[in-house]
file protein-v1.cif (mmCIF, C-alpha atoms (C1' of nucleotides))
data_data
loop_
_atom_site.label_atom_id
_atom_site.label_comp_id
_atom_site.auth_asym_id
_atom_site.auth_seq_id
_atom_site.Cartn_x
_atom_site.Cartn_y
_atom_site.Cartn_z
CA MET A 1 43.68 -21.40 11.23
CA ASN A 2 42.98 -22.25 14.83
CA GLN A 3 46.13 -22.92 16.77
CA GLU A 4 44.51 -23.26 20.18
CA ARG A 5 45.11 -26.75 21.41
CA THR A 6 42.95 -28.09 24.18
CA LEU A 7 44.50 -29.28 27.40
CA TYR A 8 43.69 -32.82 26.31
CA GLU A 9 45.57 -32.36 23.04
CA LYS A 10 48.57 -30.89 24.81
CA VAL A 11 48.92 -33.70 27.31
CA ARG A 12 48.24 -36.36 24.69
CA GLU A 13 50.91 -35.00 22.35
CA ASP A 14 53.40 -34.67 25.17
CA ILE A 15 52.86 -38.32 26.05
CA LEU A 16 53.15 -39.46 22.44
CA ASN A 17 56.31 -37.41 21.98
CA GLY A 18 57.90 -39.05 25.01
CA THR A 19 58.04 -35.95 27.19
CA PHE A 20 57.15 -37.91 30.31
CA ASP A 21 59.15 -40.51 32.12
CA LYS A 22 57.25 -43.75 32.02
CA THR A 23 58.31 -44.65 35.55
CA GLU A 24 57.13 -41.51 37.29
CA LYS A 25 53.61 -41.11 38.52
CA MET A 26 51.40 -38.64 36.66
CA THR A 27 49.84 -37.12 39.75
CA GLU A 28 47.04 -34.63 39.35
CA VAL A 29 48.85 -32.00 41.41
CA LYS A 30 52.01 -32.27 39.32
CA LEU A 31 50.17 -32.07 36.01
CA ALA A 32 48.00 -29.21 37.24
CA LYS A 33 51.11 -27.17 38.03
CA LEU A 34 52.82 -28.15 34.78
CA TYR A 35 49.92 -27.09 32.59
CA GLU A 36 48.90 -24.21 34.86
CA VAL A 37 45.34 -25.31 35.46
CA SER A 38 43.55 -26.76 38.45
CA ARG A 39 43.15 -30.43 39.26
CA THR A 40 39.58 -30.54 37.96
CA PRO A 41 40.29 -30.29 34.22
CA ILE A 42 43.38 -32.49 34.66
CA ARG A 43 41.19 -35.27 36.06
CA GLU A 44 38.91 -34.98 33.07
CA VAL A 45 41.87 -35.29 30.72
CA LEU A 46 43.32 -38.27 32.58
CA LYS A 47 39.99 -40.05 32.20
CA GLN A 48 40.04 -39.48 28.45
CA LEU A 49 43.61 -40.67 28.20
CA GLU A 50 42.75 -43.82 30.14
CA PHE A 51 39.87 -44.32 27.74
CA GLU A 52 42.28 -44.47 24.83
CA TYR A 53 44.83 -46.67 26.58
CA LEU A 54 47.50 -44.01 27.04
CA VAL A 55 47.32 -43.80 30.83
CA LYS A 56 46.54 -46.37 33.48
CA ASP A 57 46.40 -46.00 37.27
CA GLY A 58 48.21 -42.68 37.15
CA TYR A 59 51.10 -43.92 35.04
CA ILE A 60 51.74 -43.85 31.34
CA TYR A 61 50.37 -47.12 30.10
CA THR A 62 53.09 -49.42 28.83
CA PRO A 63 51.28 -52.39 27.35
CA SER A 64 52.95 -55.79 27.36
CA PRO A 65 53.27 -57.68 24.06
CA GLU A 66 50.26 -59.67 25.23
CA ASP A 67 48.32 -56.43 25.71
CA TYR A 68 49.29 -55.26 22.25
CA ARG A 69 48.14 -58.56 20.77
CA ASN A 70 44.81 -58.10 22.50
CA LEU A 71 44.47 -54.51 21.33
CA PHE A 72 45.22 -55.67 17.80
CA GLU A 73 42.70 -58.48 18.07
CA MET A 74 40.16 -55.74 18.64
CA ARG A 75 41.47 -53.68 15.76
CA ILE A 76 41.49 -56.67 13.43
CA LEU A 77 37.94 -57.59 14.38
CA ILE A 78 36.70 -54.12 13.48
CA GLU A 79 38.76 -53.63 10.34
CA SER A 80 37.95 -57.02 8.88
CA HIS A 81 34.28 -56.27 9.47
CA ALA A 82 34.84 -52.94 7.75
CA VAL A 83 36.41 -54.57 4.74
CA GLU A 84 33.42 -56.86 4.44
CA LYS A 85 31.21 -53.80 4.32
CA ALA A 86 33.53 -52.08 1.88
CA VAL A 87 33.19 -54.98 -0.54
CA LEU A 88 29.43 -54.53 -0.43
CA LEU A 89 29.31 -50.74 -0.48
CA PHE A 90 32.37 -49.08 -1.99
CA VAL A 91 31.98 -47.63 -5.46
CA ASP A 92 34.65 -46.51 -7.94
CA GLU A 93 35.07 -43.17 -6.21
CA ASP A 94 35.80 -44.85 -2.87
CA LEU A 95 38.34 -47.18 -4.44
CA LYS A 96 39.95 -44.20 -6.15
CA GLU A 97 40.26 -42.46 -2.79
CA LEU A 98 41.92 -45.54 -1.29
CA ARG A 99 44.40 -45.77 -4.17
CA ASN A 100 45.10 -42.08 -3.76
CA TYR A 101 46.23 -42.66 -0.19
CA ILE A 102 48.54 -45.44 -1.34
CA LYS A 103 50.08 -43.08 -3.89
CA GLN A 104 50.52 -40.34 -1.30
CA ALA A 105 52.21 -42.80 1.03
CA LYS A 106 54.52 -43.92 -1.78
CA ASP A 107 55.58 -40.42 -2.85
CA GLY A 108 55.61 -38.44 0.40
CA ASP A 109 58.05 -38.18 3.27
CA ALA A 110 57.60 -40.11 6.54
CA SER A 111 55.17 -37.61 8.02
CA LEU A 112 52.98 -37.65 4.91
CA THR A 113 53.18 -41.41 4.61
CA LEU A 114 51.99 -41.69 8.20
CA LYS A 115 48.98 -39.49 7.48
CA ALA A 116 48.16 -41.23 4.21
CA ASN A 117 48.24 -44.66 5.82
CA LYS A 118 45.98 -43.45 8.60
CA ASN A 119 43.58 -42.06 6.01
CA PHE A 120 43.61 -45.40 4.23
CA HIS A 121 42.54 -47.35 7.28
CA ASP A 122 40.09 -44.69 8.46
CA LYS A 123 38.43 -44.75 5.05
CA LEU A 124 37.98 -48.50 5.35
CA VAL A 125 36.48 -48.21 8.82
CA ARG A 126 34.03 -45.58 7.63
CA ALA A 127 32.46 -48.26 5.44
CA ILE A 128 30.88 -49.62 8.60
CA ARG A 129 28.75 -46.49 9.06
CA ASN A 130 28.23 -47.25 12.71
CA PRO A 131 29.09 -44.48 15.18
CA PHE A 132 29.47 -46.92 18.08
CA LEU A 133 31.94 -49.10 16.26
CA SER A 134 33.73 -46.03 14.95
CA GLU A 135 34.16 -44.70 18.46
CA THR A 136 35.49 -48.06 19.59
CA TYR A 137 37.98 -47.97 16.75
CA ASP A 138 38.97 -44.40 17.56
CA ARG A 139 39.83 -45.49 21.09
CA LEU A 140 42.72 -47.34 19.50
CA ASN A 141 43.98 -44.24 17.73
CA SER A 142 46.99 -43.61 19.92
CA THR A 143 48.02 -47.26 19.90
CA ILE A 144 47.65 -47.41 16.15
CA TYR A 145 49.64 -44.21 15.80
CA LEU A 146 52.55 -45.57 17.82
CA PHE A 147 52.61 -48.74 15.74
CA SER A 148 52.27 -46.92 12.46
CA ARG A 149 55.18 -44.66 13.37
CA THR A 150 57.44 -47.66 13.82
CA VAL A 151 56.19 -49.37 10.69
CA VAL A 152 56.87 -46.27 8.59
CA GLU A 153 60.18 -45.29 10.18
CA LYS A 154 61.60 -48.80 9.95
CA GLN A 155 60.04 -49.16 6.51
CA ARG A 156 58.25 -52.45 6.88
CA PRO A 157 58.51 -54.32 3.57
CA GLU A 158 55.47 -54.97 1.38
CA LEU A 159 53.25 -52.60 3.34
CA LEU A 160 51.95 -50.62 0.39
CA ASP A 161 51.68 -53.71 -1.80
CA GLU A 162 49.39 -55.17 0.83
CA HIS A 163 47.27 -52.03 0.78
CA GLU A 164 47.03 -52.28 -2.99
CA ALA A 165 46.08 -55.96 -2.80
CA ILE A 166 43.30 -55.14 -0.34
CA VAL A 167 41.87 -52.50 -2.64
CA GLN A 168 42.03 -54.91 -5.53
CA SER A 169 40.12 -57.57 -3.59
CA ILE A 170 37.47 -55.04 -2.65
CA GLU A 171 37.17 -54.03 -6.28
CA ASP A 172 36.87 -57.69 -7.27
CA ARG A 173 34.20 -58.15 -4.57
CA LYS A 174 36.01 -61.07 -2.98
CA ILE A 175 34.84 -60.84 0.62
CA ASP A 176 36.72 -63.74 2.17
CA HIS A 177 39.88 -62.94 0.28
CA ALA A 178 39.78 -59.26 1.23
CA LYS A 179 39.13 -60.10 4.87
CA GLN A 180 41.97 -62.56 4.99
CA GLN A 181 44.27 -59.94 3.48
CA ILE A 182 43.46 -57.21 5.99
CA ILE A 183 43.88 -59.69 8.84
CA SER A 184 47.26 -60.82 7.61
CA HIS A 185 48.29 -57.22 6.87
CA LEU A 186 47.53 -56.09 10.40
CA GLN A 187 49.15 -59.14 11.95
CA LYS A 188 52.32 -58.29 10.07
CA ASP A 189 52.20 -54.72 11.37
CA LEU A 190 51.80 -56.13 14.84
CA GLU A 191 54.64 -58.63 14.73
CA PHE A 192 56.98 -56.25 12.93
CA THR A 193 56.46 -53.53 15.49
CA LEU A 194 56.63 -55.85 18.49
CA TYR A 195 60.00 -56.99 17.16
CA TYR A 196 61.28 -53.39 17.11
CA MET A 197 59.81 -52.32 20.44
CA MET B 1 27.10 -59.72 52.53
CA ASN B 2 27.86 -56.19 51.51
CA GLN B 3 24.72 -54.19 50.91
CA GLU B 4 26.41 -50.86 50.32
CA ARG B 5 25.66 -49.76 46.81
CA THR B 6 27.87 -47.20 45.22
CA LEU B 7 26.43 -43.94 43.94
CA TYR B 8 26.96 -45.27 40.43
CA GLU B 9 24.96 -48.39 41.16
CA LYS B 10 22.13 -46.39 42.71
CA VAL B 11 21.75 -44.01 39.79
CA ARG B 12 22.11 -46.79 37.25
CA GLU B 13 19.42 -48.92 38.87
CA ASP B 14 17.11 -45.94 39.20
CA ILE B 15 17.46 -45.28 35.49
CA LEU B 16 16.91 -48.93 34.55
CA ASN B 17 13.85 -49.10 36.82
CA GLY B 18 12.33 -46.10 35.10
CA THR B 19 12.52 -43.74 38.08
CA PHE B 20 13.44 -40.78 35.91
CA ASP B 21 11.38 -39.01 33.33
CA LYS B 22 13.10 -39.39 29.99
CA THR B 23 12.16 -35.86 28.96
CA GLU B 24 13.62 -34.01 31.92
CA LYS B 25 17.21 -32.95 32.06
CA MET B 26 19.47 -34.82 34.50
CA THR B 27 21.27 -31.74 35.75
CA GLU B 28 24.19 -32.17 38.08
CA VAL B 29 22.65 -29.87 40.70
CA LYS B 30 19.38 -31.80 40.73
CA LEU B 31 21.04 -35.20 41.01
CA ALA B 32 23.45 -33.94 43.66
CA LYS B 33 20.51 -32.87 45.83
CA LEU B 34 18.57 -36.06 45.14
CA TYR B 35 21.43 -38.37 46.15
CA GLU B 36 22.73 -36.00 48.84
CA VAL B 37 26.25 -35.66 47.49
CA SER B 38 28.09 -32.85 45.78
CA ARG B 39 28.32 -32.27 42.04
CA THR B 40 31.80 -33.76 41.83
CA PRO B 41 30.92 -37.44 42.30
CA ILE B 42 27.74 -36.94 40.27
CA ARG B 43 29.82 -35.80 37.32
CA GLU B 44 31.94 -38.90 37.63
CA VAL B 45 28.85 -41.09 37.61
CA LEU B 46 27.32 -39.31 34.63
CA LYS B 47 30.50 -39.97 32.67
CA GLN B 48 30.31 -43.67 33.46
CA LEU B 49 26.66 -43.79 32.47
CA GLU B 50 27.43 -42.07 29.20
CA PHE B 51 30.13 -44.64 28.66
CA GLU B 52 27.57 -47.41 28.79
CA TYR B 53 25.01 -45.63 26.67
CA LEU B 54 22.51 -44.89 29.44
CA VAL B 55 22.91 -41.12 29.43
CA LYS B 56 23.67 -38.65 26.68
CA ASP B 57 24.03 -34.86 26.84
CA GLY B 58 22.44 -34.71 30.27
CA TYR B 59 19.36 -36.70 29.30
CA ILE B 60 18.54 -40.36 29.62
CA TYR B 61 19.62 -41.84 26.34
CA THR B 62 16.70 -43.04 24.26
CA PRO B 63 18.26 -44.75 21.27
CA SER B 64 16.38 -44.79 17.98
CA PRO B 65 15.75 -48.15 16.28
CA GLU B 66 18.70 -47.27 14.07
CA ASP B 67 20.87 -46.75 17.16
CA TYR B 68 19.77 -50.08 18.57
CA ARG B 69 20.63 -51.79 15.29
CA ASN B 70 24.08 -50.23 15.48
CA LEU B 71 24.57 -51.26 19.09
CA PHE B 72 23.55 -54.78 18.16
CA GLU B 73 25.90 -54.79 15.20
CA MET B 74 28.64 -54.24 17.75
CA ARG B 75 27.29 -56.95 20.03
CA ILE B 76 26.95 -59.40 17.17
CA LEU B 77 30.49 -58.71 16.00
CA ILE B 78 31.89 -59.52 19.44
CA GLU B 79 29.69 -62.51 20.21
CA SER B 80 30.20 -64.16 16.84
CA HIS B 81 33.94 -63.76 17.36
CA ALA B 82 33.48 -65.29 20.81
CA VAL B 83 31.65 -68.28 19.42
CA GLU B 84 34.49 -68.87 16.97
CA LYS B 85 36.86 -68.95 19.93
CA ALA B 86 34.51 -71.17 21.89
CA VAL B 87 34.53 -73.74 19.09
CA LEU B 88 38.32 -73.83 19.33
CA LEU B 89 38.65 -73.71 23.11
CA PHE B 90 35.63 -74.95 24.99
CA VAL B 91 35.90 -78.36 26.62
CA ASP B 92 33.17 -80.61 28.02
CA GLU B 93 33.06 -78.70 31.27
CA ASP B 94 32.41 -75.42 29.48
CA LEU B 95 29.65 -76.96 27.40
CA LYS B 96 28.12 -78.42 30.54
CA GLU B 97 28.12 -74.97 32.11
CA LEU B 98 26.37 -73.51 29.07
CA ARG B 99 23.72 -76.24 29.12
CA ASN B 100 23.24 -75.63 32.82
CA TYR B 101 22.30 -72.01 32.12
CA ILE B 102 19.77 -73.17 29.55
CA LYS B 103 18.22 -75.51 32.11
CA GLN B 104 18.11 -72.75 34.75
CA ALA B 105 16.41 -70.45 32.27
CA LYS B 106 13.87 -73.16 31.45
CA ASP B 107 12.99 -73.99 35.04
CA GLY B 108 13.27 -70.65 36.84
CA ASP B 109 11.01 -67.63 37.10
CA ALA B 110 11.50 -64.49 34.99
CA SER B 111 14.16 -63.05 37.26
CA LEU B 112 16.18 -66.25 37.25
CA THR B 113 15.74 -66.74 33.53
CA LEU B 114 17.10 -63.25 32.99
CA LYS B 115 20.19 -64.04 35.04
CA ALA B 116 20.72 -67.44 33.44
CA ASN B 117 20.53 -65.99 29.94
CA LYS B 118 23.00 -63.29 30.87
CA ASN B 119 25.32 -65.95 32.25
CA PHE B 120 25.00 -67.91 29.02
CA HIS B 121 26.12 -65.00 26.85
CA ASP B 122 28.79 -63.87 29.31
CA LYS B 123 30.24 -67.35 29.32
CA LEU B 124 30.48 -67.27 25.54
CA VAL B 125 32.19 -63.89 25.56
CA ARG B 126 34.72 -65.09 28.10
CA ALA B 127 36.01 -67.49 25.46
CA ILE B 128 37.67 -64.50 23.85
CA ARG B 129 40.02 -64.03 26.81
CA ASN B 130 40.71 -60.46 25.85
CA PRO B 131 40.14 -57.82 28.54
CA PHE B 132 39.79 -55.00 25.99
CA LEU B 133 37.10 -56.79 24.03
CA SER B 134 35.42 -57.84 27.27
CA GLU B 135 35.28 -54.25 28.43
CA THR B 136 33.82 -53.20 25.10
CA TYR B 137 31.18 -55.89 25.47
CA ASP B 138 30.45 -54.84 29.05
CA ARG B 139 29.73 -51.33 27.84
CA LEU B 140 26.66 -52.82 26.23
CA ASN B 141 25.48 -54.37 29.49
CA SER B 142 22.63 -51.98 30.17
CA THR B 143 21.40 -52.11 26.61
CA ILE B 144 21.53 -55.88 26.62
CA TYR B 145 19.72 -55.97 29.95
CA LEU B 146 16.85 -53.84 28.65
CA PHE B 147 16.49 -56.06 25.61
CA SER B 148 16.75 -59.26 27.58
CA ARG B 149 14.04 -58.07 29.93
CA THR B 150 11.62 -57.62 27.06
CA VAL B 151 12.60 -60.90 25.45
CA VAL B 152 11.98 -62.80 28.68
CA GLU B 153 8.84 -60.98 29.77
CA LYS B 154 7.19 -61.27 26.37
CA GLN B 155 8.53 -64.83 26.10
CA ARG B 156 10.14 -64.71 22.70
CA PRO B 157 9.56 -68.10 21.02
CA GLU B 158 12.44 -70.49 20.29
CA LEU B 159 14.91 -68.56 22.42
CA LEU B 160 16.15 -71.48 24.47
CA ASP B 161 16.11 -73.83 21.49
CA GLU B 162 18.45 -71.41 19.77
CA HIS B 163 20.75 -71.44 22.78
CA GLU B 164 20.77 -75.22 22.72
CA ALA B 165 21.50 -75.29 18.98
CA ILE B 166 24.45 -72.96 19.51
CA VAL B 167 25.92 -75.20 22.20
CA GLN B 168 25.45 -78.19 19.94
CA SER B 169 27.29 -76.51 17.08
CA ILE B 170 30.13 -75.60 19.40
CA GLU B 171 30.29 -79.19 20.57
CA ASP B 172 30.32 -80.37 16.95
CA ARG B 173 33.11 -77.85 16.22
CA LYS B 174 31.22 -76.31 13.32
CA ILE B 175 32.61 -72.80 13.29
CA ASP B 176 30.64 -71.27 10.43
CA HIS B 177 27.43 -72.91 11.51
CA ALA B 178 27.80 -71.79 15.11
CA LYS B 179 28.62 -68.24 14.06
CA GLN B 180 25.64 -68.08 11.76
CA GLN B 181 23.43 -69.31 14.58
CA ILE B 182 24.54 -66.73 17.13
CA ILE B 183 24.14 -63.98 14.53
CA SER B 184 20.63 -65.08 13.66
CA HIS B 185 19.79 -65.57 17.34
CA LEU B 186 20.81 -62.04 18.25
CA GLN B 187 19.09 -60.54 15.22
CA LYS B 188 15.87 -62.19 16.35
CA ASP B 189 16.29 -60.73 19.83
CA LEU B 190 16.79 -57.35 18.23
CA GLU B 191 13.80 -57.43 15.92
CA PHE B 192 11.51 -58.97 18.51
CA THR B 193 12.35 -56.30 21.06
CA LEU B 194 12.20 -53.41 18.60
CA TYR B 195 8.70 -54.59 17.75
CA TYR B 196 7.62 -54.39 21.40
CA MET B 197 9.37 -51.11 22.22
"C1'" DT C 1 1.71 -13.67 15.37
"C1'" DA C 2 6.33 -14.32 14.55
"C1'" DT C 3 10.96 -12.95 15.21
"C1'" DA C 4 14.89 -10.52 17.20
"C1'" DT C 5 17.08 -8.69 21.18
"C1'" DT C 6 18.31 -8.61 25.66
"C1'" DA C 7 17.95 -9.52 30.73
"C1'" DA C 8 17.73 -13.04 34.09
"C1'" DA C 9 18.47 -17.47 35.67
"C1'" DA C 10 20.35 -21.73 35.67
"C1'" DA C 11 23.48 -24.74 33.99
"C1'" DT C 12 28.35 -26.40 33.41
"C1'" DG C 13 33.48 -25.30 33.88
"C1'" DT C 14 37.17 -24.26 36.96
"C1'" DA C 15 39.67 -23.33 41.19
"C1'" DT C 16 40.32 -24.39 45.74
"C1'" DA C 17 39.65 -25.79 50.63
"C1'" DC C 18 38.98 -29.58 53.39
"C1'" DA C 19 38.34 -34.88 54.28
"C1'" DT C 20 39.86 -39.26 53.59
"C1'" DT C 21 42.75 -42.63 51.85
"C1'" DT C 22 47.12 -44.30 50.40
"C1'" DA C 23 52.12 -44.21 50.22
"C1'" DA C 24 56.52 -43.07 52.24
"C1'" DT C 25 59.48 -42.74 56.06
"C1'" DA C 26 61.29 -43.31 60.57
"C1'" DC C 27 61.74 -45.77 64.59
"C1'" DG C 28 61.99 -49.59 67.72
"C1'" DA C 29 61.87 -54.68 68.76
"C1'" DA C 30 63.04 -59.34 67.40
"C1'" DT D 1 69.34 -56.52 59.31
"C1'" DT D 2 64.47 -57.31 58.86
"C1'" DC D 3 60.06 -56.89 60.12
"C1'" DG D 4 56.18 -54.55 62.11
"C1'" DT D 5 54.22 -50.28 63.63
"C1'" DA D 6 53.62 -45.45 64.13
"C1'" DT D 7 54.11 -40.99 62.15
"C1'" DT D 8 54.12 -38.02 58.50
"C1'" DA D 9 53.55 -36.65 53.91
"C1'" DA D 10 51.28 -36.72 49.77
"C1'" DA D 11 47.94 -38.33 46.98
"C1'" DT D 12 42.97 -38.70 45.63
"C1'" DG D 13 37.94 -37.89 46.97
"C1'" DT D 14 34.51 -34.54 47.98
"C1'" DA D 15 32.30 -30.11 48.80
"C1'" DT D 16 31.85 -25.60 47.52
"C1'" DA D 17 32.71 -20.86 45.82
"C1'" DC D 18 33.27 -18.35 41.83
"C1'" DA D 19 33.63 -17.79 36.44
"C1'" DT D 20 31.82 -18.65 32.20
"C1'" DT D 21 28.56 -20.40 29.12
"C1'" DT D 22 24.06 -21.80 27.87
"C1'" DT D 23 19.21 -21.74 28.36
"C1'" DT D 24 15.09 -19.56 29.41
"C1'" DA D 25 11.97 -15.77 29.55
"C1'" DA D 26 10.52 -11.25 28.80
"C1'" DT D 27 10.13 -7.42 25.98
"C1'" DA D 28 10.23 -4.85 21.82
"C1'" DT D 29 9.79 -4.61 16.87
"C1'" DA D 30 8.36 -6.02 12.18
#
call {"tool": "encode", "arguments": {"input": "protein-v1.cif", "output": "structure tokens"}}
result
Amino acid sequence: MNQERTLYEKVREDILNGTFDKTEKMTEVKLAKLYEVSRTPIREVLKQLEFEYLVKDGYIYTPSPEDYRNLFEMRILIESHAVEKAVLLFVDEDLKELRNYIKQAKDGDASLTLKANKNFHDKLVRAIRNPFLSETYDRLNSTIYLFSRTVVEKQRPELLDEHEAIVQSIEDRKIDHAKQQIISHLQKDLEFTLYYM
Amino acid sequence: MNQERTLYEKVREDILNGTFDKTEKMTEVKLAKLYEVSRTPIREVLKQLEFEYLVKDGYIYTPSPEDYRNLFEMRILIESHAVEKAVLLFVDEDLKELRNYIKQAKDGDASLTLKANKNFHDKLVRAIRNPFLSETYDRLNSTIYLFSRTVVEKQRPELLDEHEAIVQSIEDRKIDHAKQQIISHLQKDLEFTLYYM
DNA sequence: TATATTAAAAATGTATACATTTAATACGAA
DNA sequence: TTCGTATTAAATGTATACATTTTTAATATA
């Protein structure tokens, strides 16, 4: 398998793993030396990282609680729209896939649970079948990852029950109910994580 | 007043005004010569233009009807959310401002109508008070502009009546009604314009 | 004619030098 | 000291040379 990580992947992972000091400036010259490339590709990477809310004005972006609420408002808007679509489109096989992710999250270790929960939400979003909305959702990937890590590590109560309830509402074709459930689910993730951060 | 347009603004306007041939490649070298700058700032500008769906893979982006439907799905999702917020937040002064834009659109020439209609929708979106969602909406600016131009030039029927009905529903605090009206309004813009493009 | 194959050209990717702007520091006057 | 100003240093912006990749075109072969 291909082990070659792109420069973007390297820098992104280093940020997510807390390698950088949040108070120090991420200057192009410094990063270029660190990763042994020139400033040109570093600039490209910084742009991408700003796009996904990991970097801002040359510093690691440290969103305020207000910022996180706004980012989650965006996430909730997209995911609740997705659930509406899922109610209209998902067939038995899709529901089975969703339940499979819940099971994986239940049985696996933290790392596997993290992946399974991501797969669960990504599967929902794919119900939208709209590349522009998908890209907008993907912009939130890093933010969602950071939240999900806290939620899983600190073992937020009821999380998987909420997932199961959402699947059930989709299966029962209850649009409003399903939407309300995903909204409340994500709001709980938000408040829980804000409390621990 | 400041007349100095940035390179980004120049290229963007030239694209919107149809200066470029949609079939020819927008190579960095060519554009650099044309605008008498080096490739570096041109690359920056091309990235921005890709961000707002005006350029793709070095060509002017010519979305398919399917693409336009997807872009409008995104627009509708944001604007209907905005209207929900407007019902909860807008006071008399805000409603007055909205009605003012309708009046301007009614009385002015095409150019003024275009601006007034943009102001109307921008005012709605500002009800969200979420910089991330605003930025996502702004990404659609060029697309919305191209549609609005057709709608105004070809004088789509009922357009301003629909605006007025939306304001009225906001004033009456009828969330579901107002949302349904903005959705239907935007879908009409979409279908009307697709028909003429 | 259609299809590979390869040579040439032209594009983008990267490194780097230089220009300009912005930030940091040092110094002097109130 | 504190504030303003000048000087310097360091950052980003831009141009450009060179490397690599991609596209085009030309030629040969089925």
call {"tool": "interface_residues", "arguments": {"input": "protein-v1.cif", "of": "chain C", "to": "chain A", "cutoff": "10 Å", "atoms": "all atoms listed in the file", "output": "list of chain:residue names"}}
result
C:DG13, C:DT14, C:DA15, C:DT16
call {"tool": "closest_residue", "arguments": {"input": "protein-v1.cif", "among": "B:Leu124, B:Leu160, B:Leu54, B:Leu133", "to": "chain A", "atoms": "all atoms listed in the file"}}
result
B:Leu133
call {"tool": "closest_atom_pairs", "arguments": {"input": "protein-v1.cif", "of": "chain D", "to": "chain B", "cutoff": "10 Å", "atoms": "only C-alpha atoms (C1' of nucleotides)", "output": "tab-separated table"}}
result
residue	atom	partner	partner_atom	distance
D:DG13	C1'	B:Pro41	CA	8.4
D:DT14	C1'	B:Thr40	CA	6.8
D:DA15	C1'	B:Ser38	CA	5.9
D:DT16	C1'	B:Ser38	CA	8.4
call {"tool": "closest_atom_pairs", "arguments": {"input": "protein-v1.cif", "of": "chain B", "to": "chain A", "cutoff": "10 Å", "atoms": "all atoms listed in the file", "output": "tab-separated table"}}
result
residue	atom	partner	partner_atom	distance
B:Thr40	CA	A:Thr40	CA	9.3
B:Glu44	CA	A:Glu44	CA	9.2
B:Lys47	CA	A:Lys47	CA	9.5
B:Phe51	CA	A:Phe51	CA	9.8
B:Tyr53	CA	A:Phe132	CA	9.8
B:Glu66	CA	A:Asn130	CA	9.6
B:Asp67	CA	A:Asn130	CA	8.6
B:Arg69	CA	A:Asn130	CA	9.2
B:Asn70	CA	A:Asn130	CA	5.8
B:Leu71	CA	A:Phe132	CA	6.6
B:Phe72	CA	A:Phe132	CA	9.8
B:Glu73	CA	A:Asn130	CA	8.3
B:Met74	CA	A:Leu133	CA	6.3
B:Arg75	CA	A:Leu133	CA	9.9
B:Leu77	CA	A:Leu77	CA	7.7
B:Ile78	CA	A:Leu77	CA	8.1
B:His81	CA	A:Leu77	CA	7.9
B:Ile128	CA	A:Asn70	CA	9.7
B:Arg129	CA	A:Asn70	CA	8.8
B:Asn130	CA	A:Asn70	CA	5.8
B:Pro131	CA	A:Asn70	CA	7.6
B:Phe132	CA	A:Leu71	CA	6.6
B:Leu133	CA	A:Met74	CA	6.3
B:Thr136	CA	A:Thr136	CA	7.7
call {"tool": "atom_distance", "arguments": {"input": "protein-v1.cif", "atom1": "CA of Gly58 in chain A", "atom2": "CA of Leu46 in chain A"}}
result
8.0 Å
call {"tool": "resolve_selection", "arguments": {"input": "protein-v1.cif", "expression": "the PyMOL selection byres ((chain A and resi 169-172) around 8)", "output": "short mmCIF file (atom, residue, chain, number, x, y, z; two decimals) with C-alpha atoms, keeping the file's coordinate frame"}}
result
data_model
loop_
_atom_site.label_atom_id
_atom_site.label_comp_id
_atom_site.auth_asym_id
_atom_site.auth_seq_id
_atom_site.Cartn_x
_atom_site.Cartn_y
_atom_site.Cartn_z
CA VAL A 83 36.41 -54.57 4.74
CA ALA A 86 33.53 -52.08 1.88
CA VAL A 87 33.19 -54.98 -0.54
CA PHE A 90 32.37 -49.08 -1.99
CA LEU A 95 38.34 -47.18 -4.44
CA ALA A 165 46.08 -55.96 -2.80
CA ILE A 166 43.30 -55.14 -0.34
CA VAL A 167 41.87 -52.50 -2.64
CA GLN A 168 42.03 -54.91 -5.53
CA ARG A 173 34.20 -58.15 -4.57
CA LYS A 174 36.01 -61.07 -2.98
CA ILE A 175 34.84 -60.84 0.62
CA HIS A 177 39.88 -62.94 0.28
CA ALA A 178 39.78 -59.26 1.23
#
call {"tool": "resolve_selection", "arguments": {"input": "protein-v1.cif", "expression": "the PyMOL selection byres ((chain C and resi 1-5) around 10)", "output": "list in words"}}
result
DT6 and DA7 of chain C; DT27, DA28, DT29 and DA30 of chain D
call {"tool": "atom_distance", "arguments": {"input": "protein-v1.cif", "atom1": "CA of Lys10 in chain B", "atom2": "CA of Gln104 in chain B"}}
result
27.8 Å
call {"tool": "resolve_selection", "arguments": {"input": "protein-v1.cif", "expression": "the PyMOL selection byres ((chain B and resi 143) around 10)", "output": "ChimeraX atom specification"}}
result
/B:16,52-54,63,68,71-72,138-142,144-148
call {"tool": "residues_around", "arguments": {"input": "protein-v1.cif", "residues": "DA26 in chain C", "least_positions_apart": "6", "cutoff": "10 Å", "atoms": "all atoms listed in the file", "output": "ChimeraX atom specification"}}
result
/D:6-8
call {"tool": "residues_around", "arguments": {"input": "protein-v1.cif", "residues": "DT24 in chain D", "least_positions_apart": "5", "cutoff": "10 Å", "atoms": "only C-alpha atoms (C1' of nucleotides)", "output": "PDB file with C-alpha atoms (C1' of nucleotides), in the frame of the given file"}}
result
ATOM      1  C1'  DA C   8      17.730 -13.040  34.090  1.00  0.00           C
ATOM      2  C1'  DA C   9      18.470 -17.470  35.670  1.00  0.00           C
ATOM      3  C1'  DA C  10      20.350 -21.730  35.670  1.00  0.00           C
TER       4       DA C  10
END
call {"tool": "atom_distance", "arguments": {"input": "protein-v1.cif", "atom1": "CA of Thr62 in chain B", "atom2": "CA of Lys22 in chain B"}}
result
7.7 Å
call {"tool": "residues_around", "arguments": {"input": "protein-v1.cif", "residues": "Glu162 in chain A", "least_positions_apart": "3", "cutoff": "12 Å", "atoms": "only C-alpha atoms (C1' of nucleotides)", "output": "MDAnalysis selection string"}}
result
chainID A and resid 99 102 117 120 156:159 165:169 178 180:189
